[in-house]
$ cat input_23.csv   # CSV, C-alpha atoms
chain,number,residue,atom,x,y,z
N,1,MET,CA,81.2,-12.6,-192.9
N,2,ARG,CA,79.6,-11.5,-189.6
N,3,ARG,CA,79.3,-15.1,-188.6
N,4,ASP,CA,83.0,-15.6,-189.2
N,5,ARG,CA,83.9,-12.6,-187.1
N,6,LEU,CA,81.6,-13.8,-184.2
N,7,ALA,CA,83.2,-17.3,-184.5
N,8,ALA,CA,86.7,-15.8,-184.3
N,9,VAL,CA,85.8,-13.8,-181.3
N,10,SER,CA,84.4,-16.9,-179.6
N,11,ILE,CA,87.7,-18.7,-180.3
N,12,ALA,CA,89.6,-15.9,-178.8
N,13,ALA,CA,87.3,-16.0,-175.7
N,14,LEU,CA,88.0,-19.8,-175.3
N,15,ALA,CA,91.7,-19.2,-175.6
N,16,LEU,CA,91.5,-16.5,-172.9
N,17,ALA,CA,89.4,-18.7,-170.6
N,18,ALA,CA,91.9,-21.6,-171.0
N,19,SER,CA,95.0,-19.5,-170.3
N,20,ALA,CA,93.9,-16.7,-167.9
N,21,ALA,CA,95.1,-18.6,-164.8
N,22,SER,CA,98.7,-18.1,-165.9
N,23,VAL,CA,98.4,-14.3,-165.4
N,24,THR,CA,99.7,-14.6,-161.8
N,25,ASN,CA,102.8,-16.6,-162.8
N,26,GLY,CA,106.3,-15.2,-162.1
N,27,PHE,CA,109.5,-15.8,-164.1
N,28,ALA,CA,110.4,-19.4,-164.1
N,29,TYR,CA,112.9,-21.7,-165.8
N,30,ASP,CA,114.3,-20.1,-169.0
N,31,ASP,CA,112.4,-16.8,-168.2
N,32,VAL,CA,115.0,-16.1,-165.5
N,33,HIS,CA,118.1,-16.3,-167.7
N,34,VAL,CA,116.6,-14.9,-171.0
N,35,ILE,CA,114.6,-12.1,-169.4
N,36,ALA,CA,114.8,-11.5,-165.6
N,37,THR,CA,118.6,-11.4,-165.3
N,38,ASN,CA,119.4,-10.5,-168.9
N,39,GLU,CA,120.1,-6.7,-169.0
N,40,THR,CA,120.1,-6.8,-172.8
N,41,VAL,CA,116.3,-6.9,-172.8
N,42,HIS,CA,115.8,-4.3,-170.0
N,43,SER,CA,116.0,-1.2,-172.2
N,44,LEU,CA,114.9,0.1,-175.6
N,45,ALA,CA,117.5,2.8,-175.7
N,46,ARG,CA,119.5,0.9,-178.3
N,47,TRP,CA,116.8,-1.5,-179.6
N,48,TRP,CA,118.5,-2.0,-183.0
N,49,GLN,CA,121.5,-3.7,-181.2
N,50,LEU,CA,119.1,-6.6,-180.3
N,51,PHE,CA,119.5,-7.7,-183.9
N,52,THR,CA,123.2,-8.3,-183.2
N,53,GLU,CA,122.8,-10.2,-180.0
N,54,SER,CA,122.1,-13.9,-179.3
N,55,TYR,CA,118.9,-15.0,-177.7
N,56,TRP,CA,120.7,-16.7,-174.8
N,57,PRO,CA,123.1,-14.4,-173.0
N,58,PRO,CA,126.8,-15.1,-174.0
N,59,GLU,CA,127.6,-16.2,-170.4
N,60,LYS,CA,124.9,-18.9,-170.6
N,61,SER,CA,125.8,-20.2,-174.1
N,62,GLY,CA,125.2,-17.4,-176.6
N,63,GLU,CA,123.0,-19.7,-178.7
N,64,LEU,CA,119.9,-19.1,-180.8
N,65,TYR,CA,118.9,-15.9,-182.8
N,66,ARG,CA,115.5,-14.5,-182.1
N,67,PRO,CA,115.8,-10.7,-182.2
N,68,PHE,CA,112.1,-10.0,-182.8
N,69,THR,CA,111.1,-11.9,-179.7
N,70,MET,CA,113.9,-10.1,-177.7
N,71,LEU,CA,112.6,-6.8,-179.0
N,72,ASN,CA,109.1,-7.6,-177.7
N,73,PHE,CA,110.6,-8.7,-174.3
N,74,ALA,CA,112.4,-5.4,-174.1
N,75,ALA,CA,109.2,-3.4,-174.8
N,76,GLN,CA,107.3,-5.4,-172.2
N,77,TRP,CA,110.1,-4.8,-169.6
N,78,VAL,CA,110.0,-1.1,-170.2
N,79,ILE,CA,106.2,-0.9,-170.1
N,80,GLY,CA,105.9,-2.9,-166.9
N,81,GLY,CA,109.1,-1.9,-165.2
N,82,GLY,CA,110.1,-5.6,-165.2
N,83,SER,CA,106.8,-6.9,-163.7
N,84,PRO,CA,106.0,-10.4,-164.8
N,85,LEU,CA,102.4,-9.4,-165.0
N,86,VAL,CA,102.9,-7.5,-168.3
N,87,PHE,CA,104.7,-10.4,-169.8
N,88,HIS,CA,102.0,-12.9,-168.9
N,89,LEU,CA,99.2,-10.6,-170.0
N,90,THR,CA,101.0,-10.3,-173.4
N,91,SER,CA,101.3,-14.1,-173.6
N,92,ILE,CA,97.6,-14.6,-172.9
N,93,LEU,CA,96.4,-12.0,-175.4
N,94,LEU,CA,98.9,-13.2,-178.0
N,95,TYR,CA,97.6,-16.7,-177.6
N,96,ALA,CA,94.1,-15.5,-178.2
N,97,VAL,CA,95.2,-13.8,-181.4
N,98,VAL,CA,97.1,-16.9,-182.6
N,99,CYS,CA,94.0,-19.1,-182.0
N,100,SER,CA,91.8,-16.6,-184.0
N,101,ALA,CA,94.5,-16.6,-186.8
N,102,LEU,CA,94.3,-20.4,-186.9
N,103,PHE,CA,90.5,-20.1,-187.3
N,104,TRP,CA,91.1,-17.7,-190.2
N,105,VAL,CA,93.2,-20.4,-191.9
N,106,ALA,CA,90.8,-23.2,-191.1
N,107,VAL,CA,87.7,-21.4,-192.4
N,108,ALA,CA,89.4,-21.0,-195.8
N,109,LEU,CA,89.6,-24.8,-196.0
N,110,VAL,CA,86.5,-26.2,-194.4
N,111,PRO,CA,82.9,-25.2,-193.6
N,112,LEU,CA,82.5,-22.8,-190.6
N,113,PRO,CA,81.4,-25.5,-188.1
N,114,ALA,CA,84.4,-27.7,-188.8
N,115,ALA,CA,86.7,-24.7,-188.7
N,116,TRP,CA,85.3,-23.6,-185.4
N,117,LEU,CA,85.6,-27.0,-183.8
N,118,ALA,CA,89.2,-27.5,-184.9
N,119,SER,CA,90.2,-24.0,-183.7
N,120,ALA,CA,88.3,-24.4,-180.4
N,121,LEU,CA,90.1,-27.7,-179.7
N,122,PHE,CA,93.4,-25.9,-180.5
N,123,ALA,CA,92.5,-23.0,-178.1
N,124,VAL,CA,91.8,-25.3,-175.1
N,125,HIS,CA,94.3,-28.0,-175.7
N,126,PRO,CA,96.5,-28.7,-172.6
N,127,LEU,CA,99.5,-29.3,-174.8
N,128,HIS,CA,99.8,-25.5,-175.2
N,129,VAL,CA,100.2,-24.8,-171.5
N,130,GLU,CA,104.0,-24.3,-171.6
N,131,VAL,CA,103.8,-21.9,-174.6
N,132,VAL,CA,101.5,-19.6,-172.6
N,133,GLY,CA,102.5,-20.3,-169.0
N,134,ASN,CA,106.2,-19.6,-169.6
N,135,VAL,CA,107.1,-16.2,-171.0
N,136,VAL,CA,109.8,-17.5,-173.3
N,137,GLY,CA,106.9,-19.4,-175.1
N,138,GLN,CA,106.2,-16.0,-176.8
N,139,SER,CA,108.8,-17.0,-179.4
N,140,GLU,CA,106.5,-19.9,-180.5
N,141,LEU,CA,103.4,-17.7,-180.3
N,142,TRP,CA,104.9,-15.1,-182.6
N,143,ALA,CA,106.2,-17.8,-185.0
N,144,ALA,CA,102.8,-19.4,-185.1
N,145,LEU,CA,101.1,-16.1,-185.7
N,146,PHE,CA,103.3,-15.2,-188.7
N,147,MET,CA,103.0,-18.8,-190.0
N,148,PHE,CA,99.2,-18.7,-189.9
N,149,GLY,CA,99.1,-15.2,-191.4
N,150,ALA,CA,101.3,-16.2,-194.3
N,151,LEU,CA,99.3,-19.4,-194.9
N,152,GLY,CA,95.9,-17.6,-194.7
N,153,ILE,CA,97.0,-15.1,-197.3
N,154,PHE,CA,98.4,-17.8,-199.5
N,155,LEU,CA,95.3,-20.0,-199.3
N,156,ARG,CA,92.9,-17.2,-200.1
N,157,ALA,CA,95.0,-15.9,-203.0
N,158,ARG,CA,95.3,-19.4,-204.5
N,159,MET,CA,91.6,-20.2,-204.1
N,160,ARG,CA,90.9,-16.9,-205.9
N,161,GLY,CA,93.5,-17.3,-208.6
N,162,SER,CA,97.1,-15.9,-208.5
N,163,LEU,CA,99.0,-14.1,-205.9
N,164,LEU,CA,99.1,-10.3,-206.1
N,165,PRO,CA,102.5,-8.6,-205.6
N,166,LYS,CA,101.3,-7.2,-202.3
N,167,GLU,CA,100.3,-10.7,-201.1
N,168,THR,CA,103.7,-12.1,-202.1
N,169,LEU,CA,105.4,-9.3,-200.2
N,170,ALA,CA,103.2,-9.9,-197.2
N,171,ILE,CA,104.0,-13.6,-197.1
N,172,ALA,CA,107.7,-12.9,-197.4
N,173,LEU,CA,107.5,-10.3,-194.6
N,174,SER,CA,105.6,-12.8,-192.4
N,175,TYR,CA,108.3,-15.4,-193.2
N,176,GLY,CA,111.1,-13.0,-192.2
N,177,LEU,CA,109.4,-11.9,-188.9
N,178,GLY,CA,108.6,-15.5,-188.1
N,179,LEU,CA,112.3,-16.5,-188.5
N,180,LEU,CA,113.4,-13.6,-186.3
N,181,SER,CA,110.9,-14.9,-183.7
N,182,LYS,CA,111.9,-18.6,-183.7
N,183,GLU,CA,113.9,-20.6,-186.2
N,184,HIS,CA,111.3,-23.3,-186.6
N,185,THR,CA,109.5,-21.0,-189.0
N,186,ILE,CA,112.1,-22.1,-191.6
N,187,VAL,CA,109.6,-24.8,-192.7
N,188,LEU,CA,107.0,-22.3,-193.9
N,189,PRO,CA,107.9,-22.7,-197.6
N,190,LEU,CA,107.3,-26.5,-197.3
N,191,VAL,CA,103.9,-25.9,-195.6
N,192,LEU,CA,103.0,-23.5,-198.5
N,193,LEU,CA,104.1,-26.2,-201.0
N,194,ALA,CA,102.0,-28.8,-199.2
N,195,ALA,CA,99.0,-26.4,-199.5
N,196,GLU,CA,99.7,-25.9,-203.2
N,197,LEU,CA,99.9,-29.6,-203.8
N,198,ALA,CA,96.9,-30.6,-201.7
N,199,VAL,CA,94.2,-27.9,-201.6
N,200,ALA,CA,95.0,-25.3,-204.3
N,201,PRO,CA,92.9,-25.4,-207.5
N,202,ARG,CA,94.3,-27.8,-210.1
N,203,GLU,CA,93.2,-26.3,-213.4
N,204,GLN,CA,96.9,-26.0,-214.4
N,205,ARG,CA,99.6,-28.6,-214.4
N,206,LEU,CA,101.9,-28.5,-211.4
N,207,ARG,CA,104.8,-27.2,-213.4
N,208,ALA,CA,102.8,-24.3,-214.6
N,209,ARG,CA,101.6,-23.5,-211.1
N,210,LEU,CA,105.1,-23.6,-209.7
N,211,THR,CA,106.2,-21.3,-212.6
N,212,GLU,CA,103.4,-18.9,-211.6
N,213,LEU,CA,104.7,-19.0,-208.0
N,214,ARG,CA,108.3,-18.4,-209.0
N,215,PRO,CA,108.4,-14.8,-207.6
N,216,LEU,CA,107.2,-16.1,-204.2
N,217,ILE,CA,109.6,-19.0,-204.3
N,218,LEU,CA,112.6,-16.8,-205.1
N,219,LEU,CA,111.6,-14.2,-202.5
N,220,LEU,CA,111.2,-16.8,-199.8
N,221,ALA,CA,114.5,-18.4,-200.7
N,222,ALA,CA,116.2,-15.0,-200.5
N,223,VAL,CA,114.7,-14.3,-197.1
N,224,GLY,CA,115.7,-17.7,-195.8
N,225,VAL,CA,119.3,-17.4,-197.1
N,226,ALA,CA,119.6,-13.9,-195.7
N,227,TYR,CA,118.3,-15.0,-192.3
N,228,LEU,CA,120.7,-18.0,-192.1
N,229,TRP,CA,123.7,-15.8,-193.1
N,230,VAL,CA,122.8,-13.2,-190.4
N,231,ARG,CA,122.1,-15.8,-187.8
N,232,PHE,CA,125.4,-17.6,-188.4
N,233,SER,CA,127.3,-14.3,-188.5
N,234,VAL,CA,125.9,-13.1,-185.1
N,235,LEU,CA,126.2,-16.5,-183.3
N,236,ALA,CA,129.8,-16.9,-184.5
N,237,THR,CA,130.7,-13.9,-182.3
N,238,THR,CA,128.4,-14.7,-179.3
N,239,ARG,CA,128.7,-18.4,-178.8
N,240,GLY,CA,130.8,-19.4,-175.9
N,241,MET,CA,130.8,-23.1,-176.8
N,242,PRO,CA,129.7,-25.4,-179.6
N,243,PRO,CA,126.0,-25.7,-180.2
N,244,GLU,CA,124.3,-27.9,-177.6
N,245,VAL,CA,123.3,-31.3,-178.7
N,246,THR,CA,121.1,-33.5,-176.5
N,247,PRO,CA,123.4,-36.2,-174.9
N,248,LEU,CA,120.9,-38.8,-176.1
N,249,PHE,CA,121.9,-38.2,-179.7
N,250,ALA,CA,125.5,-36.9,-179.4
N,251,SER,CA,127.7,-38.8,-181.9
N,252,GLN,CA,124.8,-41.1,-182.9
N,253,PRO,CA,124.2,-42.0,-186.5
N,254,PHE,CA,121.1,-41.2,-188.4
N,255,GLY,CA,119.7,-44.7,-188.0
N,256,ALA,CA,119.7,-44.6,-184.2
N,257,ARG,CA,118.0,-41.2,-184.3
N,258,ALA,CA,115.4,-42.5,-186.7
N,259,LEU,CA,114.6,-45.6,-184.7
N,260,THR,CA,114.4,-43.5,-181.5
N,261,MET,CA,112.1,-41.0,-183.0
N,262,LEU,CA,109.8,-43.7,-184.3
N,263,THR,CA,109.1,-44.6,-180.6
N,264,VAL,CA,108.8,-40.9,-179.8
N,265,ALA,CA,106.0,-40.7,-182.4
N,266,LEU,CA,103.9,-42.7,-180.0
N,267,GLU,CA,104.4,-40.1,-177.3
N,268,TRP,CA,103.4,-37.3,-179.7
N,269,ILE,CA,100.2,-39.1,-180.5
N,270,ARG,CA,99.5,-39.5,-176.7
N,271,LEU,CA,100.2,-35.8,-176.2
N,272,PHE,CA,97.8,-34.9,-179.0
N,273,LEU,CA,95.0,-37.3,-178.1
N,274,TRP,CA,95.3,-37.9,-174.3
N,275,PRO,CA,97.6,-35.3,-172.6
N,276,ALA,CA,96.7,-36.5,-169.1
N,277,SER,CA,100.4,-36.5,-168.0
N,278,LEU,CA,102.5,-33.4,-168.7
N,279,SER,CA,105.9,-32.4,-167.3
N,280,ALA,CA,107.5,-29.0,-166.8
N,281,ASP,CA,110.9,-30.4,-166.1
N,282,TYR,CA,113.3,-31.1,-168.9
N,283,SER,CA,115.9,-32.8,-166.7
N,284,PRO,CA,114.5,-36.4,-166.3
N,285,ARG,CA,115.6,-38.6,-169.2
N,286,ARG,CA,112.3,-39.9,-170.3
N,287,ILE,CA,113.5,-41.1,-173.8
N,288,GLU,CA,116.0,-43.8,-174.2
N,289,LEU,CA,118.2,-44.4,-177.3
N,290,VAL,CA,116.9,-47.2,-179.6
N,291,THR,CA,119.3,-49.0,-181.9
N,292,THR,CA,117.3,-52.1,-182.8
N,293,LEU,CA,113.8,-52.9,-183.9
N,294,THR,CA,111.4,-53.1,-181.0
N,295,PRO,CA,107.6,-53.4,-180.8
N,296,ASN,CA,107.3,-49.6,-180.2
N,297,VAL,CA,109.4,-48.9,-183.3
N,298,LEU,CA,107.2,-51.2,-185.4
N,299,VAL,CA,104.0,-49.6,-184.1
N,300,GLY,CA,105.4,-46.1,-184.7
N,301,ALA,CA,106.5,-47.0,-188.2
N,302,GLY,CA,103.1,-48.6,-188.8
N,303,ILE,CA,101.2,-45.4,-187.7
N,304,ILE,CA,103.4,-43.2,-190.0
N,305,ALA,CA,102.9,-45.6,-192.9
N,306,LEU,CA,99.1,-45.6,-192.3
N,307,MET,CA,99.0,-41.8,-192.2
N,308,SER,CA,101.0,-41.7,-195.4
N,309,VAL,CA,98.5,-44.1,-197.1
N,310,ILE,CA,95.5,-42.0,-195.8
N,311,ALA,CA,97.2,-38.8,-197.2
N,312,TRP,CA,97.7,-40.4,-200.6
N,313,LYS,CA,94.2,-42.0,-200.8
N,314,ALA,CA,92.5,-38.8,-199.6
N,315,ARG,CA,94.3,-36.5,-202.0
N,316,ARG,CA,91.2,-36.2,-204.3
N,317,SER,CA,88.2,-37.1,-202.1
N,318,ALA,CA,89.4,-35.2,-198.9
N,319,PRO,CA,92.4,-33.0,-199.9
N,320,VAL,CA,92.2,-31.0,-196.6
N,321,ALA,CA,93.0,-34.2,-194.7
N,322,THR,CA,96.0,-34.7,-197.0
N,323,PHE,CA,97.1,-31.2,-196.3
N,324,ALA,CA,96.7,-31.7,-192.6
N,325,ILE,CA,98.9,-34.7,-192.6
N,326,LEU,CA,101.5,-33.1,-194.8
N,327,TRP,CA,101.5,-30.0,-192.5
N,328,LEU,CA,101.9,-32.2,-189.4
N,329,GLY,CA,104.8,-34.1,-190.9
N,330,THR,CA,106.5,-30.8,-192.1
N,331,ALA,CA,106.1,-29.1,-188.7
N,332,LEU,CA,107.7,-32.1,-186.9
N,333,LEU,CA,110.8,-32.1,-189.2
N,334,ILE,CA,112.7,-29.9,-186.8
N,335,PRO,CA,111.9,-31.5,-183.4
N,336,SER,CA,112.3,-35.0,-185.0
N,337,ASN,CA,116.1,-34.7,-184.9
N,338,LEU,CA,116.3,-36.4,-188.3
N,339,ILE,CA,117.7,-33.3,-190.1
N,340,VAL,CA,120.0,-32.2,-187.3
N,341,ALA,CA,120.3,-33.2,-183.7
N,342,THR,CA,119.0,-30.5,-181.5
N,343,GLY,CA,119.2,-29.6,-177.8
N,344,PHE,CA,116.8,-31.0,-175.2

$ encode --input "input_23.csv" --output "C-alpha cells"
Amino acid sequence: MRRDRLAAVSIAALALAASAASVTNGFAYDDVHVIATNETVHSLARWWQLFTESYWPPEKSGELYRPFTMLNFAAQWVIGGGSPLVFHLTSILLYAVVCSALFWVAVALVPLPAAWLASALFAVHPLHVEVVGNVVGQSELWAALFMFGALGIFLRARMRGSLLPKETLAIALSYGLGLLSKEHTIVLPLVLLAAELAVAPREQRLRARLTELRPLILLLAAVGVAYLWVRFSVLATTRGMPPEVTPLFASQPFGARALTMLTVALEWIRLFLWPASLSADYSPRRIELVTTLTPNVLVGAGIIALMSVIAWKARRSAPVATFAILWLGTALLIPSNLIVATGF
C-alpha cells in the first residue's frame, strides 16, 4: 500500500513537471468568451442559477450545458479576482490529481510497474497540452476525474465481489457530476459494461452478473435521463440558433461520415504514438470529406479490424488488453461523429 502511495505521488509529480510551464498563460481562445468576458461566472452570489444557464453565453450561441465546470470557474474568479493565475494553477493541480486517479485505476488491473509506466506516459503525453494549457480544458479534467473515480470504485468492488450500496451511490454521483462537467461522460455506463465483460471475475454467467448489477444499471439510467431532460430544457431557453454542426458533415449521410472518420483514425494513431505536430488553431480545414474508398480508408478500416481481432483473441489470455481496446473505442464514440455530427 505504501508503494502504491509513493507511486501515485511520483505520477502527480510528473504531471506537475510536464504542465507547470502553463502557469503563466493568460486567457486565450474560448477562455475569453466563456470566462473573461462572461459575467455569469464572475460571482457566486447566486451560484445555483449556474444550473439554469448554458455554458456558452447566449449572445455567442447559448450551447452546451456544463454547470459544474461553470461553478468552478466562478469560484476561481472570486478567489483570484479574475486573475488567470488562479485558473491555470487549478488546471495544473487538477491534472496532477487526474493522472494519479488514472494510476489508481491502472493498479487495480495490472502489476504496479505496468500501472506506473502507463500512468507516467499519460502524465507527460503532449496530447494533453490543450486540456491543461487552456482554462476551458478543466471541463475535460473534471469529466476524466469523475470517470476514473467511478471506474476505480467499480473495478475494486467487482474484483472483491458485489457492489455495496454506498459504492453504487458513489458511482452514480460521479456519473452525475461528470455529466455536469462535460457531456462526453455519457459513455461511462458503456465503459463499466466493457470492464464487466472483459476483466471482472466470471464465476457467474453474464446474465446473472447483469442481474446483480441491476440497481447500478437502473440508477445510472435514471441519472442519464434526468441529465438529458435538464440539459434539453435549459438549452431550449438559451440557444440563440440551432446546434452548431461542423460544415464538413452538414447534411452528409452516415456513410460519408464513416468513410471520413476511417481516415481520421490514422490521425488519432499519429497523435497517440508520434504527436510531433500539434495545432492550437481550429480554423484550418485539415480534414476533407471522403465519399469513396481510398487507400487511407482501407488502412484505417484494416487497423480497426486488427484491433477488434486482438480484443477478441486476448479476451482470455490478456483481458486487460481487451478492456483497453473496448475503452478506447467507447471513448471515441462521441468525437467520431458517427452517432451525431458535432461541432469542430

$ closest_residue --input "input_23.csv" --among "N:Leu266, N:Leu93, N:Leu219, N:Ala198" --to "N:Trp312" --atoms "all atoms listed in the file"
N:Ala198

$ residues_around --input "input_23.csv" --residues "N:Pro84" --least-positions-apart "5" --cutoff "12 Å" --atoms "only C-alpha atoms" --output "ChimeraX atom specification"
/N:22-28,31-32,35-36,73,76-79,89-91,133-136

$ residues_around --input "input_23.csv" --residues "N:Leu16" --least-positions-apart "6" --cutoff "9 Å" --atoms "only C-alpha atoms" --output "list in words"
Ile92, Leu93, Tyr95, Ala96 and Ala123 of chain N

$ closest_residue --input "input_23.csv" --among "N:Leu210, N:Ile334, N:Ala200, N:Ala101" --to "N:Ala144" --atoms "all atoms listed in the file"
N:Ala101

$ atom_distance --input "input_23.csv" --atom1 "atom CA of N:Gly80" --atom2 "atom CA of N:Phe51"
22.3 Å

$ atom_distance --input "input_23.csv" --atom1 "atom CA of N:His42" --atom2 "atom CA of N:Tyr227"
24.9 Å

$ closest_residue --input "input_23.csv" --among "N:Val299, N:Phe272, N:Lys166, N:Thr263" --to "N:Arg286" --atoms "only C-alpha atoms"
N:Thr263

$ residues_around --input "input_23.csv" --residues "N:Ile217" --least-positions-apart "3" --cutoff "12 Å" --atoms "all atoms listed in the file" --output "ChimeraX atom specification"
/N:163,168-169,171-172,175,188-190,192-193,209-214,220-224

$ closest_residue --input "input_23.csv" --among "N:Ser10, N:Ser19, N:Ser162, N:Ser308" --to "N:Leu127" --atoms "all atoms listed in the file"
N:Ser19

$ axis_aligned_box --input "input_23.csv" --around "stretch 265-272 of chain N" --padding-each-side "6 Å" --output "JSON"
{"center_x": 101.9, "center_y": -38.8, "center_z": -179.3, "size_x": 20.2, "size_y": 19.8, "size_z": 18.2}

$ residues_around --input "input_23.csv" --residues "N:Arg231" --least-positions-apart "4" --cutoff "12 Å" --atoms "all atoms listed in the file" --output "number ranges by chain"
N: 51-55, 62-67, 179-183, 223-227, 235-239

$ atom_distance --input "input_23.csv" --atom1 "atom CA of N:Trp268" --atom2 "atom CA of N:Val97"
24.9 Å

$ residues_around --input "input_23.csv" --residues "N:Val98" --least-positions-apart "6" --cutoff "9 Å" --atoms "only C-alpha atoms" --output "PyMOL selection string"
chain N and resi 12+123+141-142+144-146+148

$ residues_near_point --input "input_23.csv" --point "(93.1, -34.8, -194.6)" --cutoff "12 Å" --atoms "only C-alpha atoms" --output "PyMOL selection string"
chain N and resi 109-110+194-195+198-199+307-328

$ closest_residue --input "input_23.csv" --among "N:Thr37, N:Gly300, N:Thr69, N:Thr342" --to "N:Ala250" --atoms "only C-alpha atoms"
N:Thr342

$ closest_residue --input "input_23.csv" --among "N:Ala108, N:Phe68, N:Ser139, N:Val132" --to "N:Ala157" --atoms "all atoms listed in the file"
N:Ala108
